[in-house]
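Read through the structure below, which is laid out as structure tokens, and then see the notes.
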Amino acid sequence: MEQERCRQRDGDGGGERERCYTPGSMVLLTRLAKQVYRRTSEELLGMPLRHLMTLSYLRDHDGAPQQELAEAFCMDANNVVLLLNELEDLGQIARRRDPADRRRHRVELTAAGRAALAGAERAQESIEHEVLGALDPEERATLWRLLTRALYGSEAASPTAAGAESELTPAR
């Protein structure tokens with residue numbers, strides 16, 4: 001696979017000159033995410049992708065306050081409420097008042113939510129296999145560890161990157 005792309009036009013109008021660049025990590029992650037989105041369907045997962053994302057987050061942060069979900073997903077609080085209403089109507093989550101602060105709701109996975117998540121994650125494995133087909137199992141495990149550490153390092157209310165890496169292991 002080509003690591004660098006060369007021979008871009010020079011912007012000064014002086015013709016074509018060889019100039020190499022390497023796409024940054026954010027560009028690569030975004031392009032890879034687009035490949036995942038392109039291959040993902042509600043029919044395949046058994047649920048909308050937004051439900052999978054939410055249930056997965058709640059498995060790792062069970063009892064999280066609604067506001068934490070809004071921050072983690074970079075969503076408006078009203079949209080989080082609508083999303084949680086959908087999941088609650090399906091019986092996949094339950095919202096409970098926080099005993100320490102009655103104004104706050106904590107969100108918990110139900111048994112139905114755990115079962116739905118397990119089914120969606122089995123379907124997700126086939127998508128990952130297709131998208132990450134160029135990587136061997138060891139490389140996939142390394143990618144997973146690095147992505148996990150980067151994500152937890154960027155989430156303000158999450159465990160430290162070192163702690164997250166030691167506590168979590170890939171499901172594959």
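All residue names refer to the structure tokens as shown: chains lettered A, B, ... in order, residues numbered from 1 in each chain, ligands numbered from 1 in order.
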Practice prompt. Pick out the residues sitting within 7 Å of region 28-36 of chain A, and hand them over as number ranges by chain; count only C-alpha atoms, and ignore anything fewer than 4 positions along from it in its own chain.
Written response: A: 23-24, 40, 127, 131
Discussion item. Which residues are near Arg96 (chain A)? Cut-off 9 Å, only C-alpha atoms, ignore same chain within fewer than 3 positions. Put them as an MDAnalysis selection string.
Written reply: chainID A and resid 63 99 104:108
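Of the listed residues (A:Arg95, A:Ala70, A:Arg140, A:Leu82), A:Arg140 comes nearest to Glu125 (chain A); the distances count only C-alpha atoms.
Relative to CA of Glu130 (chain A), CA of Asp60 (chain A) is found at 25.2 Å.
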Worksheet item: Which one is closest to His51 (chain A): A:Leu143, A:Ala94, A:Ala112, A:Leu84? Count only C-alpha atoms.
Response: A:Leu84
Practice prompt. Work out how far apart CA of Ala116 (chain A) and CA of Asn85 (chain A) are and give it in Å to one decimal.
Written response: 16.2 Å
Fill in: Distance of CA of Arg59 (chain A) from CA of Gln92 (chain A), expressed in Å to one decimal place
11.4 Å
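Closest approach to Ala111 (chain A) among A:Glu42, A:Leu55, A:Ala150, A:Glu155 is made by A:Leu55 (distances from only C-alpha atoms).
Backbone DSSP assigns strand (DSSP E or B) in region 40-141 of chain A to Ala64, Pro65, Ile93, Ala94, Arg95, Arg96, Arg97, Asp98, Asp101, Arg102, Arg103, Arg104, His105, Arg106, Val107, Glu108 and Leu109 of chain A.
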